[in-house]
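In what follows, a structure is listed as structure tokens, so that the remarks can point back to it.
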Amino acid sequence: MSCVKYYTIQEGDTLDSIAREFYTSVSRIMDINPRLNPNNLVAGTLICLFSTDSVREGCPIGTSPYVVKDGDTFASIANAFGSTVRAIAEANPDADPQNLLEGQVLCIAQPKADAPECEQNNLYVIRRGDTPYAIARAFGIDVNDLLRANPKMNPTDLRIGTIICIPKAPPPISIVINTDAKTLTVYRDGRVFKEYPVATGKLTTPTPQGNFTIVNKEVDPGGPYGTRWMGLSKKGYGIHGTNNPASIGTNASNGCIRMFNKDVEALFDITSVGTDVKILP
């Protein structure tokens, strides 16, 4: 972890006042500065307000973080990211466009993947070498049903990365995550089908334990969430990819379950909304 924004404590400062001034939170400051005593702030002490880890994980699904630089405006940031001032304002309702602070983190919306309507919510992403017949055979469906479910798909020109609908629910599976072992195990018909290494929550932001279900799926959510997202019934938590593969196998997240992108892509294709997920200590 490296710091992207330092601050020198001033006389009369409190963590609450610092958090409000820099559009962050007391808990995030404490997470980055674990030795800091919030009840005894000493003027002149240098603290870190934003670390590379907090910047990566501070934005919601579908957005990526951006650290404001000296001279930035909503207009200049929008131009750099091919966005609009309105879109940036909507993604950052607490930010004051007339008073952007160097080091402040803004969330920039990512272009949405063009996912088709899919009644079964069973999405598949075209890979190199795929053909309609190979996909249909892999999922045990008729190729004509596949084509009807994807009227915009050109069967003679499949584009890698295109999202299509599989008109059939995947075979039922269940997922068990062991936070101590840092593993995610997929069960099919009561037997172990696949096992993947994962990263789980930090000691200060632990992964919740219990029984949950998958409630939504998203392709290319952006930022720290990597190439796939599968949201849990525990609001704010999910199984996702990563832009920091070195973290897999460690306590590194804000409570979500991180996977290598290649692994989460494979899991995504066999997981449907409603899949049971059990998280163990």
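By convention here, the chains of the structure tokens are called A, B, ... in the order presented, each chain's residues are numbered starting at 1, and ligands are numbered starting at 1 in the order presented.
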Item to check | Contacts of Val273 (chain A) within 12 Å, only C-alpha atoms, excl. fewer than 5 positions in-chain, as a list in words | outcome: Cys118, Glu119, Gln120, Asn121, Asn122, Leu123, Ala169, Pro170, Pro171, Pro172, Ile173, Ser174, Phe212, Thr213, Ile214, Val215, Asn216, Lys217, Glu218, Trp229, Met230, Gly231, Leu232, Ser233 and Phe268 of chain A
Checklist entry - Which residues in region 20-241 of chain A does DSSP call alpha helix (DSSP H)? List them as a PyMOL selection string. => result chain A and resi 20-21+26-32+52-57+74-81+85-91+132-139+143-149
Item to check | Residue among A:Ile9, A:Val277, A:Val105, A:Ile126 lying closest to Glu265 (chain A), counting only C-alpha atoms | outcome: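 The closest residue to Glu265 (chain A) is A:Ile126.
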Item to check | Every residue of region 31-268 of chain A that DSSP places in strand (DSSP E or B), as number ranges by chain | outcome: A: 46-51, 63-67, 105-109, 123-125, 163-165, 173-178, 183-188, 191-197, 199-202, 205, 210-219, 228-232, 238-240, 251-253, 257-258
Which residues of region 196-239 of chain A come within 9 Å of region 245-263 of chain A, and for each one, what is the closest pair of atoms and their distance in Å to one decimal, counting only C-alpha atoms, sorted by chain and residue number, as JSON lines?
{"residue": "A:Tyr196", "atom": "CA", "partner": "A:Asp263", "partner_atom": "CA", "distance": 7.0}
{"residue": "A:Pro197", "atom": "CA", "partner": "A:Gly249", "partner_atom": "CA", "distance": 6.2}
{"residue": "A:Val198", "atom": "CA", "partner": "A:Met259", "partner_atom": "CA", "distance": 4.9}
{"residue": "A:Ala199", "atom": "CA", "partner": "A:Ile248", "partner_atom": "CA", "distance": 4.5}
{"residue": "A:Thr200", "atom": "CA", "partner": "A:Asn251", "partner_atom": "CA", "distance": 5.0}
{"residue": "A:Gly201", "atom": "CA", "partner": "A:Gly255", "partner_atom": "CA", "distance": 4.0}
{"residue": "A:Lys202", "atom": "CA", "partner": "A:Asn251", "partner_atom": "CA", "distance": 4.6}
{"residue": "A:Leu203", "atom": "CA", "partner": "A:Asn251", "partner_atom": "CA", "distance": 7.1}
{"residue": "A:Thr204", "atom": "CA", "partner": "A:Asn254", "partner_atom": "CA", "distance": 8.2}
{"residue": "A:Thr205", "atom": "CA", "partner": "A:Asn254", "partner_atom": "CA", "distance": 5.0}
{"residue": "A:Pro206", "atom": "CA", "partner": "A:Gly255", "partner_atom": "CA", "distance": 5.0}
{"residue": "A:Thr207", "atom": "CA", "partner": "A:Gly255", "partner_atom": "CA", "distance": 4.0}
{"residue": "A:Pro208", "atom": "CA", "partner": "A:Gly255", "partner_atom": "CA", "distance": 6.8}
{"residue": "A:Tyr225", "atom": "CA", "partner": "A:Arg258", "partner_atom": "CA", "distance": 7.8}
{"residue": "A:Gly226", "atom": "CA", "partner": "A:Asn261", "partner_atom": "CA", "distance": 6.2}
{"residue": "A:Thr227", "atom": "CA", "partner": "A:Asn261", "partner_atom": "CA", "distance": 6.0}
{"residue": "A:Arg228", "atom": "CA", "partner": "A:Asn261", "partner_atom": "CA", "distance": 7.4}
{"residue": "A:Gly236", "atom": "CA", "partner": "A:Cys256", "partner_atom": "CA", "distance": 8.3}
{"residue": "A:Tyr237", "atom": "CA", "partner": "A:Cys256", "partner_atom": "CA", "distance": 5.1}
{"residue": "A:Gly238", "atom": "CA", "partner": "A:Cys256", "partner_atom": "CA", "distance": 5.3}
{"residue": "A:Ile239", "atom": "CA", "partner": "A:Ile257", "partner_atom": "CA", "distance": 4.7}
Checklist entry - Can you tell me, as a PyMOL selection string, what residues are no more than 12 Å from Ala89 (chain A) when counting only C-alpha atoms, ignoring any on the same chain fewer than 4 positions away? => result chain A and resi 73-75+77-78+83-85+93-98+100+106-109
Next on the checklist: As an exercise, work out the distance from CA of Ile135 (chain A) to CA of Val186 (chain A) in Å and give it to one decimal place.
Outcome noted: 21.6 Å
Item to check | Separation of CA of Leu101 (chain A) from CA of Glu21 (chain A) in Å | outcome: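 These atoms are spaced 9.0 Å apart.
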